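Coordinates from coords_24.cif are shown below (mmCIF, C-alpha atoms).
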```cif
data_run
loop_
_atom_site.label_atom_id
_atom_site.label_comp_id
_atom_site.auth_asym_id
_atom_site.auth_seq_id
_atom_site.Cartn_x
_atom_site.Cartn_y
_atom_site.Cartn_z
CA MET A 27 -116.12 -24.38 43.01
CA LYS A 28 -119.67 -23.95 41.77
CA ILE A 29 -120.09 -26.63 39.13
CA LEU A 30 -123.26 -27.35 37.21
CA GLN A 31 -123.18 -30.65 35.38
CA VAL A 32 -125.45 -32.16 32.77
CA ASP A 33 -124.95 -35.77 31.74
CA TRP A 34 -126.58 -37.24 28.71
CA VAL A 35 -127.72 -40.48 30.29
CA PRO A 36 -126.05 -43.28 28.31
CA GLY A 37 -128.46 -45.44 26.39
CA SER A 38 -131.27 -42.93 26.69
CA ASP A 39 -132.38 -39.57 25.35
CA GLN A 40 -132.56 -38.07 28.82
CA LEU A 41 -130.40 -35.50 30.53
CA ARG A 42 -129.45 -35.65 34.18
CA GLY A 43 -128.61 -32.31 35.73
CA ARG A 44 -126.84 -31.73 39.00
CA CYS A 45 -126.60 -28.35 40.69
CA HIS A 46 -123.66 -27.38 42.89
CA CYS A 47 -126.08 -27.55 45.82
CA GLY A 48 -126.59 -31.24 45.17
CA ALA A 49 -130.09 -31.06 43.71
CA GLU A 50 -130.65 -33.29 40.71
CA ALA A 51 -133.24 -33.56 38.00
CA ILE A 52 -133.80 -35.69 34.94
CA VAL A 53 -135.47 -34.07 31.94
CA ASP A 54 -135.80 -34.62 28.21
CA ASP A 55 -134.79 -31.21 26.92
CA PRO A 56 -131.64 -29.08 27.34
CA VAL A 57 -133.54 -25.78 27.47
CA GLU A 58 -135.68 -27.13 30.29
CA MET A 59 -132.54 -28.50 31.92
CA TRP A 60 -130.78 -25.15 32.08
CA ASP A 61 -133.97 -23.42 33.19
CA TRP A 62 -134.15 -25.83 36.09
CA LEU A 63 -130.47 -25.53 37.05
CA LEU A 64 -130.50 -21.75 36.92
CA LYS A 65 -133.40 -21.53 39.34
CA HIS A 66 -130.93 -22.25 42.16
CA PRO A 67 -131.57 -22.13 45.06
CA ASN A 68 -135.26 -22.36 44.19
CA HIS A 69 -135.22 -25.34 41.87
CA PRO A 70 -138.75 -26.30 40.88
CA VAL A 71 -139.87 -29.65 42.21
CA PRO A 72 -137.52 -31.90 40.31
CA VAL A 73 -137.86 -35.40 39.16
CA ARG A 74 -135.21 -36.28 41.71
CA GLU A 75 -133.71 -34.46 44.71
CA GLY A 76 -130.07 -34.95 45.63
CA LYS A 77 -128.47 -34.52 49.00
CA ALA A 78 -128.42 -30.77 49.42
CA MET B 24 -128.10 -2.11 21.56
CA SER B 25 -124.67 -3.44 20.71
CA GLU B 26 -124.28 -7.18 20.84
CA PHE B 27 -120.62 -6.93 21.74
CA VAL B 28 -119.42 -8.14 25.10
CA ARG B 29 -117.25 -5.30 26.34
CA ASN B 30 -114.73 -5.06 29.15
CA GLN B 31 -113.12 -8.22 27.87
CA TRP B 32 -109.84 -9.31 26.32
CA TYR B 33 -109.92 -10.46 22.71
CA VAL B 34 -107.33 -11.94 20.42
CA ALA B 35 -106.51 -9.24 17.88
CA ALA B 36 -103.71 -10.92 15.95
CA TYR B 37 -100.88 -13.38 16.04
CA GLY B 38 -97.70 -11.80 17.31
CA ARG B 39 -96.08 -12.53 13.96
CA GLU B 40 -98.60 -10.26 12.21
CA ILE B 41 -97.47 -7.14 14.06
CA GLY B 42 -94.19 -5.54 13.11
CA ARG B 43 -92.85 -2.20 11.95
CA ASP B 44 -95.53 -1.94 9.27
CA LEU B 45 -98.78 -0.31 10.35
CA PHE B 46 -101.45 -2.96 10.80
CA SER B 47 -105.19 -2.46 11.21
CA ARG B 48 -107.89 -4.78 12.43
CA THR B 49 -111.46 -4.05 13.48
CA ILE B 50 -112.36 -5.57 16.85
CA CYS B 51 -115.90 -5.27 18.23
CA GLY B 52 -116.62 -2.53 15.71
CA GLU B 53 -113.53 -0.48 16.63
CA SER B 54 -110.84 0.07 14.00
CA ILE B 55 -107.55 -0.39 15.80
CA LEU B 56 -104.03 0.38 14.62
CA PHE B 57 -101.27 -1.96 15.77
CA TRP B 58 -97.52 -1.57 15.45
CA ARG B 59 -94.32 -2.47 17.26
CA THR B 60 -92.07 0.02 18.94
CA GLU B 61 -88.38 -0.07 18.22
CA ALA B 62 -88.00 -2.01 21.47
CA GLY B 63 -90.48 -4.61 20.23
CA ALA B 64 -93.56 -3.79 22.32
CA VAL B 65 -96.97 -3.79 20.66
CA ALA B 66 -98.82 -0.47 20.58
CA ALA B 67 -102.57 -0.28 19.90
CA MET B 68 -104.61 2.84 19.22
CA SER B 69 -107.51 4.10 17.17
CA ASP B 70 -106.93 3.83 13.44
CA ARG B 71 -108.52 7.23 12.80
CA CYS B 72 -106.61 10.50 12.92
CA VAL B 73 -108.35 12.94 15.28
CA HIS B 74 -108.07 15.66 12.66
CA ARG B 75 -110.11 14.44 9.68
CA ARG B 76 -110.45 10.73 10.45
CA PHE B 77 -107.88 9.58 7.91
CA PRO B 78 -106.95 5.92 8.62
CA LEU B 79 -103.49 5.86 10.13
CA SER B 80 -102.92 2.42 8.64
CA GLN B 81 -103.35 3.88 5.18
CA ALA B 82 -100.28 4.88 3.16
CA PRO B 83 -98.64 7.30 3.11
CA SER B 84 -99.11 7.22 6.90
CA HIS B 85 -95.93 5.78 8.39
CA LEU B 86 -93.81 5.22 11.45
CA VAL B 87 -90.96 7.52 12.42
CA GLY B 88 -89.17 5.92 15.34
CA ASP B 89 -91.85 5.35 17.96
CA THR B 90 -94.36 7.78 16.46
CA VAL B 91 -97.03 7.46 13.81
CA VAL B 92 -97.30 10.22 11.23
CA CYS B 93 -100.68 10.63 9.55
CA GLY B 94 -100.27 10.48 5.79
CA TYR B 95 -102.87 13.17 5.15
CA HIS B 96 -101.74 16.25 7.15
CA GLY B 97 -98.89 14.98 9.32
CA PHE B 98 -100.53 14.78 12.74
CA THR B 99 -98.03 12.76 14.76
CA TYR B 100 -98.83 10.42 17.65
CA ASP B 101 -96.71 8.66 20.25
CA ARG B 102 -97.09 5.03 21.30
CA GLY B 103 -99.73 5.99 23.87
CA GLY B 104 -101.85 7.76 21.26
CA ALA B 105 -101.01 11.31 22.40
CA CYS B 106 -100.59 13.80 19.57
CA VAL B 107 -97.10 15.25 19.78
CA ALA B 108 -97.00 17.36 16.63
CA VAL B 109 -99.38 19.06 14.22
CA PRO B 110 -98.50 20.92 11.03
CA GLY B 111 -97.71 24.61 10.96
CA GLN B 112 -98.17 25.48 14.64
CA THR B 113 -96.43 24.75 17.91
CA ARG B 114 -99.56 24.37 20.08
CA VAL B 115 -101.01 20.86 20.04
CA PRO B 116 -104.70 20.90 21.02
CA ARG B 117 -105.26 19.22 24.38
CA THR B 118 -107.94 16.99 22.92
CA ALA B 119 -105.64 15.67 20.23
CA ARG B 120 -105.34 12.13 21.52
CA LEU B 121 -106.19 8.79 20.00
CA THR B 122 -108.02 6.21 22.03
CA SER B 123 -105.36 3.73 23.09
CA TYR B 124 -105.92 0.12 24.03
CA PRO B 125 -104.29 -2.14 26.61
CA VAL B 126 -102.46 -4.98 24.84
CA THR B 127 -100.71 -8.11 26.04
CA GLU B 128 -98.75 -10.71 24.12
CA GLN B 129 -99.24 -14.22 25.38
CA ASP B 130 -99.05 -17.70 23.88
CA GLY B 131 -98.34 -16.31 20.43
CA PHE B 132 -101.42 -14.09 20.44
CA VAL B 133 -101.77 -10.34 20.75
CA TRP B 134 -104.67 -9.71 23.11
CA VAL B 135 -106.45 -6.36 23.19
CA PHE B 136 -108.83 -5.10 25.85
CA ILE B 137 -112.11 -3.70 24.59
CA GLY B 138 -113.79 -1.55 27.23
CA ASP B 139 -112.77 0.67 30.10
CA PRO B 140 -108.96 0.38 30.39
CA ALA B 141 -109.32 0.59 34.17
CA ASN B 142 -110.77 -2.92 34.03
CA ALA B 143 -107.96 -4.37 31.94
CA ASP B 144 -106.55 -7.01 34.25
CA ALA B 145 -104.15 -9.06 32.13
CA THR B 146 -104.16 -11.88 34.67
CA ARG B 147 -107.70 -12.67 33.50
CA ILE B 148 -106.52 -13.63 30.02
CA PRO B 149 -107.02 -17.37 29.54
CA ARG B 150 -104.02 -19.42 28.48
CA ALA B 151 -103.18 -21.61 25.51
CA PRO B 152 -99.60 -22.48 26.45
CA TRP B 153 -99.07 -25.25 23.86
CA LEU B 154 -98.90 -22.65 21.10
CA ASP B 155 -95.57 -21.36 22.32
CA GLN B 156 -94.04 -24.12 24.39
CA PRO B 157 -91.21 -26.65 23.95
CA GLY B 158 -92.47 -30.15 23.22
CA TRP B 159 -95.23 -28.96 20.94
CA THR B 160 -95.39 -28.03 17.27
CA THR B 161 -98.10 -25.67 16.09
CA VAL B 162 -99.70 -24.68 12.83
CA SER B 163 -102.16 -21.79 12.77
CA GLY B 164 -104.10 -19.31 10.71
CA MET B 165 -107.08 -16.98 10.67
CA GLU B 166 -110.09 -17.02 8.40
CA PRO B 167 -112.51 -14.13 8.02
CA LEU B 168 -116.07 -15.17 8.79
CA ALA B 169 -118.96 -13.17 7.34
CA ALA B 170 -121.23 -14.27 10.14
CA ARG B 171 -122.01 -13.14 13.65
CA TYR B 172 -119.89 -14.32 16.55
CA GLY B 173 -122.73 -16.31 18.13
CA LEU B 174 -122.92 -18.64 15.16
CA LEU B 175 -119.29 -19.62 15.63
CA VAL B 176 -119.90 -20.24 19.33
CA ASP B 177 -122.80 -22.57 18.48
CA ASN B 178 -120.65 -24.31 15.89
CA LEU B 179 -117.68 -25.01 18.13
CA LEU B 180 -119.62 -26.01 21.23
CA ASP B 181 -121.45 -28.78 19.39
CA LEU B 182 -118.97 -31.03 17.62
CA SER B 183 -121.63 -33.48 16.45
CA HIS B 184 -121.61 -31.37 13.28
CA GLU B 185 -118.22 -32.90 12.45
CA THR B 186 -120.00 -36.06 11.34
CA TYR B 187 -122.02 -34.22 8.71
CA LEU B 188 -120.11 -31.09 7.73
CA HIS B 189 -116.58 -32.48 8.04
CA GLY B 190 -116.97 -36.10 6.94
CA GLY B 191 -113.77 -37.35 5.32
CA TYR B 192 -111.68 -34.94 7.38
CA ILE B 193 -112.39 -35.04 11.12
CA GLY B 194 -115.92 -36.41 11.22
CA THR B 195 -116.93 -40.03 11.74
CA PRO B 196 -120.32 -41.50 12.73
CA GLU B 197 -119.22 -41.97 16.34
CA VAL B 198 -118.94 -38.25 17.01
CA ALA B 199 -122.64 -37.56 16.56
CA ASP B 200 -123.60 -40.87 18.16
CA THR B 201 -121.69 -40.44 21.43
CA PRO B 202 -123.38 -38.74 24.40
CA ILE B 203 -121.75 -35.68 25.91
CA VAL B 204 -121.14 -34.43 29.42
CA THR B 205 -121.49 -30.68 29.94
CA ARG B 206 -120.06 -28.87 32.96
CA VAL B 207 -120.19 -25.21 33.83
CA ASP B 208 -117.83 -23.62 36.32
CA GLU B 209 -119.87 -20.65 37.44
CA GLU B 210 -117.05 -18.93 39.29
CA ALA B 211 -114.29 -19.39 36.73
CA GLY B 212 -116.65 -18.69 33.83
CA ILE B 213 -115.78 -21.79 31.82
CA VAL B 214 -117.94 -24.22 29.87
CA TYR B 215 -116.66 -27.78 29.46
CA VAL B 216 -118.11 -30.29 27.01
CA SER B 217 -116.69 -33.80 26.89
CA ARG B 218 -117.28 -36.55 24.41
CA HIS B 219 -115.28 -39.74 24.97
CA MET B 220 -115.49 -42.31 22.20
CA ALA B 221 -114.18 -45.70 23.31
CA ASP B 222 -114.10 -47.37 19.90
CA ALA B 223 -114.28 -45.11 16.89
CA ALA B 224 -113.14 -44.94 13.30
CA CYS B 225 -109.99 -42.88 12.87
CA PRO B 226 -110.69 -39.93 10.56
CA PRO B 227 -108.06 -39.03 7.94
CA PHE B 228 -107.01 -35.94 9.91
CA TYR B 229 -105.65 -38.16 12.67
CA ALA B 230 -104.85 -41.34 10.68
CA LYS B 231 -102.46 -39.54 8.36
CA SER B 232 -100.86 -37.38 11.04
CA THR B 233 -100.37 -40.10 13.67
CA GLY B 234 -99.97 -43.17 11.44
CA ILE B 235 -102.65 -45.10 13.35
CA SER B 236 -104.38 -47.42 10.91
CA GLY B 237 -107.01 -49.13 13.07
CA ARG B 238 -109.83 -47.98 15.25
CA ILE B 239 -109.17 -45.54 18.03
CA THR B 240 -110.16 -44.32 21.43
CA ARG B 241 -110.94 -40.68 20.79
CA TRP B 242 -111.54 -38.08 23.47
CA GLN B 243 -112.77 -34.58 22.81
CA ASP B 244 -112.69 -32.27 25.80
CA ILE B 245 -113.81 -28.73 25.10
CA GLU B 246 -112.89 -25.89 27.43
CA PHE B 247 -114.45 -22.59 26.43
CA THR B 248 -113.72 -19.40 28.33
CA PRO B 249 -116.13 -16.83 26.93
CA PRO B 250 -116.02 -14.65 25.15
CA CYS B 251 -112.90 -15.44 23.14
CA LEU B 252 -110.81 -18.53 23.87
CA TYR B 253 -111.87 -22.04 22.94
CA LEU B 254 -109.70 -25.10 23.56
CA LEU B 255 -110.33 -28.60 22.28
CA HIS B 256 -108.15 -31.09 24.12
CA SER B 257 -108.06 -33.99 21.68
CA ARG B 258 -106.65 -37.37 22.70
CA ILE B 259 -106.13 -40.13 20.13
CA ALA B 260 -104.94 -43.65 20.94
CA PRO B 261 -105.37 -47.19 19.66
CA VAL B 262 -108.60 -48.71 20.95
CA GLY B 263 -108.41 -49.52 24.64
CA VAL B 264 -105.25 -47.56 25.35
CA LEU B 265 -105.95 -45.33 28.34
CA PRO B 266 -103.77 -42.99 30.39
CA ASN B 267 -101.65 -44.67 33.04
CA ALA B 268 -102.66 -44.63 36.68
CA ASP B 269 -99.91 -42.11 37.45
CA GLY B 270 -101.34 -39.70 34.90
CA THR B 271 -98.72 -40.25 32.22
CA ASP B 272 -100.06 -40.92 28.75
CA ARG B 273 -97.14 -41.63 26.45
CA ASP B 274 -98.99 -44.12 24.26
CA ALA B 275 -101.53 -41.53 23.13
CA TYR B 276 -101.32 -38.66 20.67
CA HIS B 277 -102.41 -35.28 21.96
CA VAL B 278 -103.64 -32.42 19.84
CA GLU B 279 -104.63 -29.08 21.27
CA VAL B 280 -106.98 -27.34 18.89
CA VAL B 281 -107.27 -23.69 19.80
CA TYR B 282 -109.75 -21.16 18.46
CA ALA B 283 -110.01 -17.50 19.26
CA LEU B 284 -113.42 -16.07 18.42
CA THR B 285 -113.17 -12.32 17.99
CA PRO B 286 -116.10 -10.23 16.79
CA GLU B 287 -115.17 -7.88 13.98
CA THR B 288 -118.57 -6.27 13.45
CA GLU B 289 -122.07 -7.25 14.50
CA ARG B 290 -122.16 -9.56 11.49
CA SER B 291 -118.58 -10.71 11.00
CA THR B 292 -115.97 -12.52 13.05
CA HIS B 293 -112.26 -13.22 13.07
CA ASP B 294 -111.86 -17.00 13.23
CA PHE B 295 -108.36 -17.67 14.58
CA TRP B 296 -107.39 -21.34 14.62
CA ALA B 297 -104.32 -23.26 15.75
CA VAL B 298 -103.42 -26.94 16.00
CA ALA B 299 -100.65 -27.93 18.40
CA ARG B 300 -99.39 -31.53 18.62
CA ASP B 301 -97.03 -33.45 20.86
CA PHE B 302 -95.84 -35.91 18.19
CA ALA B 303 -93.88 -35.80 14.94
CA LEU B 304 -92.54 -32.49 16.19
CA GLU B 305 -89.95 -32.05 13.46
CA ASP B 306 -91.96 -33.56 10.61
CA GLN B 307 -92.73 -30.76 8.18
CA GLY B 308 -94.94 -33.09 6.16
CA VAL B 309 -97.21 -33.58 9.17
CA SER B 310 -97.25 -29.84 9.80
CA ASP B 311 -98.18 -29.13 6.19
CA PHE B 312 -100.89 -31.80 6.25
CA LEU B 313 -102.46 -30.58 9.49
CA ALA B 314 -102.32 -26.95 8.39
CA GLU B 315 -103.96 -27.66 5.07
CA ASN B 316 -106.56 -30.03 6.51
CA ASN B 317 -107.53 -27.85 9.44
CA ARG B 318 -107.81 -24.83 7.20
CA THR B 319 -110.07 -26.85 4.92
CA VAL B 320 -112.23 -27.81 7.90
CA VAL B 321 -112.40 -24.20 9.07
CA LEU B 322 -113.38 -23.10 5.58
CA GLN B 323 -116.15 -25.70 5.55
CA ASP B 324 -117.49 -24.07 8.71
CA VAL B 325 -117.00 -20.61 7.22
CA ALA B 326 -118.97 -21.52 4.10
CA ALA B 327 -121.82 -22.99 6.15
CA LEU B 328 -121.96 -20.14 8.67
CA ASN B 329 -121.78 -17.48 5.96
CA VAL B 330 -124.89 -19.01 4.40
CA LEU B 331 -126.56 -19.28 7.79
CA GLU B 332 -125.82 -15.61 8.50
CA GLN B 333 -127.53 -14.61 5.26
CA VAL B 334 -130.57 -16.63 6.24
CA ILE B 335 -131.00 -15.51 9.82
CA ALA B 336 -130.26 -11.88 8.97
CA THR B 337 -133.61 -11.89 7.18
CA GLU B 338 -135.44 -13.48 10.12
CA PRO B 339 -137.19 -11.41 12.78
CA ASP B 340 -135.59 -11.29 16.23
CA GLY B 341 -136.55 -14.26 18.34
CA TYR B 342 -136.77 -16.62 15.40
CA GLN B 343 -137.80 -20.14 16.16
CA GLU B 344 -135.14 -22.69 17.11
CA LEU B 345 -135.24 -26.23 18.35
CA SER B 346 -132.58 -27.53 20.73
CA ILE B 347 -131.80 -31.16 21.49
CA ASN B 348 -129.28 -32.92 23.68
CA ILE B 349 -126.30 -32.11 21.46
CA ASP B 350 -126.96 -28.41 22.13
CA THR B 351 -126.51 -28.61 25.90
CA GLY B 352 -123.02 -27.10 25.80
CA GLY B 353 -123.92 -24.44 23.27
CA LEU B 354 -126.84 -23.33 25.40
CA ALA B 355 -124.56 -23.10 28.43
CA ALA B 356 -122.15 -20.92 26.47
CA ARG B 357 -124.94 -18.65 25.25
CA ARG B 358 -126.12 -18.14 28.79
CA MET B 359 -122.63 -17.35 30.05
CA ILE B 360 -122.09 -14.84 27.24
CA ALA B 361 -125.44 -13.20 28.00
CA LYS B 362 -124.32 -12.79 31.62
CA LEU B 363 -121.18 -10.98 30.47
CA ARG B 364 -123.13 -8.39 28.51
#
```

Let me see the structure of the file written as structure tokens.
Amino acid sequence: MKILQVDWVPGSDQLRGRCHCGAEAIVDDPVEMWDWLLKHPNHPVPVREGKA
Amino acid sequence: MSEFVRNQWYVAAYGREIGRDLFSRTICGESILFWRTEAGAVAAMSDRCVHRRFPLSQAPSHLVGDTVVCGYHGFTYDRGGACVAVPGQTRVPRTARLTSYPVTEQDGFVWVFIGDPANADATRIPRAPWLDQPGWTTVSGMEPLAARYGLLVDNLLDLSHETYLHGGYIGTPEVADTPIVTRVDEEAGIVYVSRHMADAACPPFYAKSTGISGRITRWQDIEFTPPCLYLLHSRIAPVGVLPNADGTDRDAYHVEVVYALTPETERSTHDFWAVARDFALEDQGVSDFLAENNRTVVLQDVAALNVLEQVIATEPDGYQELSINIDTGGLAARRMIAKLR
């Protein structure tokens, strides 16, 4: 399954996105979040990289 | 360019709406005639006679057995839309055929395929089994919406609006205050939005139907399969009551809120709604209450979206918007719908 997930980080205004490839990013804006996720497999340099 | 997403199944009607009377509904800009054959199958075809475009749903058009007779000049069509008789001559022109539509009845809905019939795979129709299943009681209706389909998608994918637009019915402060989790299944084409409230006020919609008087644990799990079927899996329980480790959940109340979002025209939408519950199954008072209350809630949305349609219809394309965290699911749905076009 190819799941994209965006969590609204509890206690904050930030969003944490996780691509099905394992890459992760934390951003402040949902438009920016989806832009980042949909760049797969060429995610721009994220705030945080997961285990691809 | 048309905004409609074609080559898709849409809910056209409840099964109970289609009988031996000719029934017409416009779906994605196409006027479609529905009727049941004597054997009970649903037939769907263009609601315009090929001769002079007279609506076949308009009296004195009528059914004779499993044929439709145009009330203007008597052109007669079979259940597949083929013209089988014309007045005054024996030769029926080869081109005398109505566009016919694939239809499937499932879960109480009549689904119609808009697009190339060769692509009409009925196994792709998403399910809402609670609407027609033992152990559940359902109330349902449909409200006409004088607003574009996309506005209803935005509305249903972001339930934080319940707090403001539906206060006193289904909205409480906790809905807007609780963070959401958004998931997109790229292969299945489904958007999920979850909001789990651990300790929330119980809105009248649930207090009066379940009898719970105190605060509740309230889960809202949206499952939207664009373009048409939206499910809200709603779980209500006294505060702190969670499902059992084995997956059973007998101490909670479950409500499946189902919407079918079907474009009528570029600027109007059929807003089908249904509420299925797994409690008080035989209680007509609860059914009446939920039907009246949910219809009221839907009409609150309809009133707001009708105004919004009037406003944005005057705006140039690409009008300015601002999205925040609550819009994460709505943005995912918009993107998925854009991919389907």

Just say which residues the PyMOL selection byres ((chain A) within 7 of (chain B)) picks in this file, as an mmCIF file with C-alpha atoms, in the coordinates of the input.
```
data_model
loop_
_atom_site.group_PDB
_atom_site.id
_atom_site.type_symbol
_atom_site.label_atom_id
_atom_site.label_comp_id
_atom_site.auth_asym_id
_atom_site.auth_seq_id
_atom_site.Cartn_x
_atom_site.Cartn_y
_atom_site.Cartn_z
ATOM 1 C CA MET A 27 -116.120 -24.380 43.010
ATOM 2 C CA LYS A 28 -119.670 -23.950 41.770
ATOM 3 C CA ILE A 29 -120.090 -26.630 39.130
ATOM 4 C CA LEU A 30 -123.260 -27.350 37.210
ATOM 5 C CA GLN A 31 -123.180 -30.650 35.380
ATOM 6 C CA VAL A 32 -125.450 -32.160 32.770
ATOM 7 C CA ASP A 33 -124.950 -35.770 31.740
ATOM 8 C CA TRP A 34 -126.580 -37.240 28.710
ATOM 9 C CA PRO A 36 -126.050 -43.280 28.310
ATOM 10 C CA ASP A 55 -134.790 -31.210 26.920
ATOM 11 C CA PRO A 56 -131.640 -29.080 27.340
#
```

Check your understanding: Expanded to explicit residues, what is the PyMOL selection byres ((chain B and resi 220) around 10) for this file, as a list in words?
Key ->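 Given this file, the PyMOL selection byres ((chain B and resi 220) around 10) evaluates to Glu197, Val198, Asp200, Thr201, Pro202, Ile203, Ser217, Arg218, His219, Ala221, Asp222, Ala223, Ala224, Ile239, Thr240, Arg241, Trp242, Gln243, Ile259 and Val262 of chain B.
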
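What the PyMOL selection byres ((chain B and resi 100-114) around 7) matches in the given file is Ala66, Met68, Asp89, Thr90, Val91, Val92, His96, Gly97, Phe98, Thr99, Val115, Pro116, Ala119, Arg120, Leu121, Thr122 and Ser123 of chain B.
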
Review point. Quick one: distance from CA of Gly164 (chain B) to CA of Glu128 (chain B) in Å, one decimal?
Key: 16.8 Å

Revision key, fill the gap. Here CA of Val330 (chain B) and CA of Leu168 (chain B) stand apart by 10.6 Å

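Contact shell of His66 (chain A) at 12 Å (all atoms listed in the file; same-chain neighbours under 4 positions omitted): A:Lys28, A:Leu30, A:Arg44, A:Cys45, A:His46, A:Cys47, A:Gly48, A:Ala49, A:Glu50, A:Trp60, A:Asp61, A:Trp62, A:Pro70, A:Val71, A:Pro72, A:Ala78.
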
Review point. So how far away is CA of Pro227 (chain B) from CA of Asn316 (chain B), in Å?
Key: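 Interatomic distance, CA of Asn316 (chain B) to CA of Pro227 (chain B): 9.2 Å.
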
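Of the residues listed (B:Ala199, B:Ile55, B:Ala35, B:Gly191), B:Ala35 shows the shortest atom-to-atom separation from Gln129 (chain B); distances use all atoms listed in the file.
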
Would you pick out the contacts of Ala169 (chain B) at 9 Å or less, using only C-alpha atoms, so that residues sharing its chain but fewer than 6 positions from it are not included, and give the list as a PDB file with C-alpha atoms, keeping the file's coordinate frame?
```
ATOM      1  CA  ARG B 290    -122.160  -9.560  11.490  1.00  0.00           C
ATOM      2  CA  SER B 291    -118.580 -10.710  11.000  1.00  0.00           C
ATOM      3  CA  THR B 292    -115.970 -12.520  13.050  1.00  0.00           C
ATOM      4  CA  HIS B 293    -112.260 -13.220  13.070  1.00  0.00           C
ATOM      5  CA  VAL B 325    -117.000 -20.610   7.220  1.00  0.00           C
ATOM      6  CA  ALA B 326    -118.970 -21.520   4.100  1.00  0.00           C
ATOM      7  CA  LEU B 328    -121.960 -20.140   8.670  1.00  0.00           C
ATOM      8  CA  ASN B 329    -121.780 -17.480   5.960  1.00  0.00           C
ATOM      9  CA  VAL B 330    -124.890 -19.010   4.400  1.00  0.00           C
ATOM     10  CA  GLU B 332    -125.820 -15.610   8.500  1.00  0.00           C
ATOM     11  CA  GLN B 333    -127.530 -14.610   5.260  1.00  0.00           C
TER      12      GLN B 333
END
```

Could you give me, as a PDB file with C-alpha atoms, keeping the file's coordinate frame, the residues within 7 Å of region 133-138 of chain B, counting only C-alpha atoms and dropping anything in the same chain fewer than 2 positions from it?
```pdb
ATOM      1  CA  ARG B  29    -117.250  -5.300  26.340  1.00  0.00           C
ATOM      2  CA  ASN B  30    -114.730  -5.060  29.150  1.00  0.00           C
ATOM      3  CA  GLN B  31    -113.120  -8.220  27.870  1.00  0.00           C
ATOM      4  CA  TRP B  32    -109.840  -9.310  26.320  1.00  0.00           C
ATOM      5  CA  TYR B  33    -109.920 -10.460  22.710  1.00  0.00           C
ATOM      6  CA  VAL B  34    -107.330 -11.940  20.420  1.00  0.00           C
ATOM      7  CA  ALA B  35    -106.510  -9.240  17.880  1.00  0.00           C
ATOM      8  CA  ALA B  36    -103.710 -10.920  15.950  1.00  0.00           C
ATOM      9  CA  TYR B  37    -100.880 -13.380  16.040  1.00  0.00           C
ATOM     10  CA  GLY B  38     -97.700 -11.800  17.310  1.00  0.00           C
ATOM     11  CA  TYR B 124    -105.920   0.120  24.030  1.00  0.00           C
ATOM     12  CA  PRO B 125    -104.290  -2.140  26.610  1.00  0.00           C
ATOM     13  CA  VAL B 126    -102.460  -4.980  24.840  1.00  0.00           C
ATOM     14  CA  THR B 127    -100.710  -8.110  26.040  1.00  0.00           C
ATOM     15  CA  GLU B 128     -98.750 -10.710  24.120  1.00  0.00           C
ATOM     16  CA  GLN B 129     -99.240 -14.220  25.380  1.00  0.00           C
ATOM     17  CA  GLY B 131     -98.340 -16.310  20.430  1.00  0.00           C
ATOM     18  CA  PRO B 140    -108.960   0.380  30.390  1.00  0.00           C
ATOM     19  CA  ALA B 143    -107.960  -4.370  31.940  1.00  0.00           C
TER      20      ALA B 143
END
```

Review point. Within 10 Å of region 305-308 of chain B, counting only C-alpha atoms, which residues qualify if same-chain residues fewer than 6 places away don't, as a VMD selection string?
Key: chain B and resid 159 to 160 232 314

Point to revise | Selection near Asp294 (chain B), 8 Å with only C-alpha atoms, sequence-local residues under 3 positions removed, as a PyMOL selection string | key: chain B and resi 165-168+282-285

Practice item. Return the single residue from B:Ala336, B:Ala303, B:Ala151, B:Val309 that is closest to Glu279 (chain B), with distances computed using only C-alpha atoms. Key: B:Ala151

Check your understanding: Between B:Ile235, B:Val320, B:Ala82, B:Ala170, which one has atoms that come closest to Asp274 (chain B), using only C-alpha atoms?
Key ->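 Among B:Ile235, B:Val320, B:Ala82, B:Ala170, it is B:Ile235 that comes nearest to Asp274 (chain B).
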
As a PDB file, keeping the file's coordinate frame, please: region 261-267 of chain B completed to N, CA and C atoms.
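Dumped everything to result10.pdb:
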```
ATOM      1  N   PRO B 261    -104.763 -45.928  20.109  1.00  0.00           N
ATOM      2  CA  PRO B 261    -105.370 -47.190  19.660  1.00  0.00           C
ATOM      3  C   PRO B 261    -106.472 -47.616  20.629  1.00  0.00           C
ATOM      4  N   VAL B 262    -107.451 -48.319  20.117  1.00  0.00           N
ATOM      5  CA  VAL B 262    -108.600 -48.710  20.950  1.00  0.00           C
ATOM      6  C   VAL B 262    -108.120 -49.363  22.247  1.00  0.00           C
ATOM      7  N   GLY B 263    -108.694 -48.911  23.340  1.00  0.00           N
ATOM      8  CA  GLY B 263    -108.410 -49.520  24.640  1.00  0.00           C
ATOM      9  C   GLY B 263    -107.211 -48.962  25.359  1.00  0.00           C
ATOM     10  N   VAL B 264    -106.427 -48.141  24.694  1.00  0.00           N
ATOM     11  CA  VAL B 264    -105.250 -47.560  25.350  1.00  0.00           C
ATOM     12  C   VAL B 264    -105.678 -46.333  26.144  1.00  0.00           C
ATOM     13  N   LEU B 265    -105.524 -46.413  27.454  1.00  0.00           N
ATOM     14  CA  LEU B 265    -105.950 -45.330  28.340  1.00  0.00           C
ATOM     15  C   LEU B 265    -104.735 -44.732  29.051  1.00  0.00           C
ATOM     16  N   PRO B 266    -104.885 -43.556  29.628  1.00  0.00           N
ATOM     17  CA  PRO B 266    -103.770 -42.990  30.390  1.00  0.00           C
ATOM     18  C   PRO B 266    -103.383 -43.915  31.542  1.00  0.00           C
ATOM     19  N   ASN B 267    -102.116 -43.844  31.928  1.00  0.00           N
ATOM     20  CA  ASN B 267    -101.650 -44.670  33.040  1.00  0.00           C
ATOM     21  C   ASN B 267    -102.183 -44.132  34.371  1.00  0.00           C
TER      22      ASN B 267
END
```
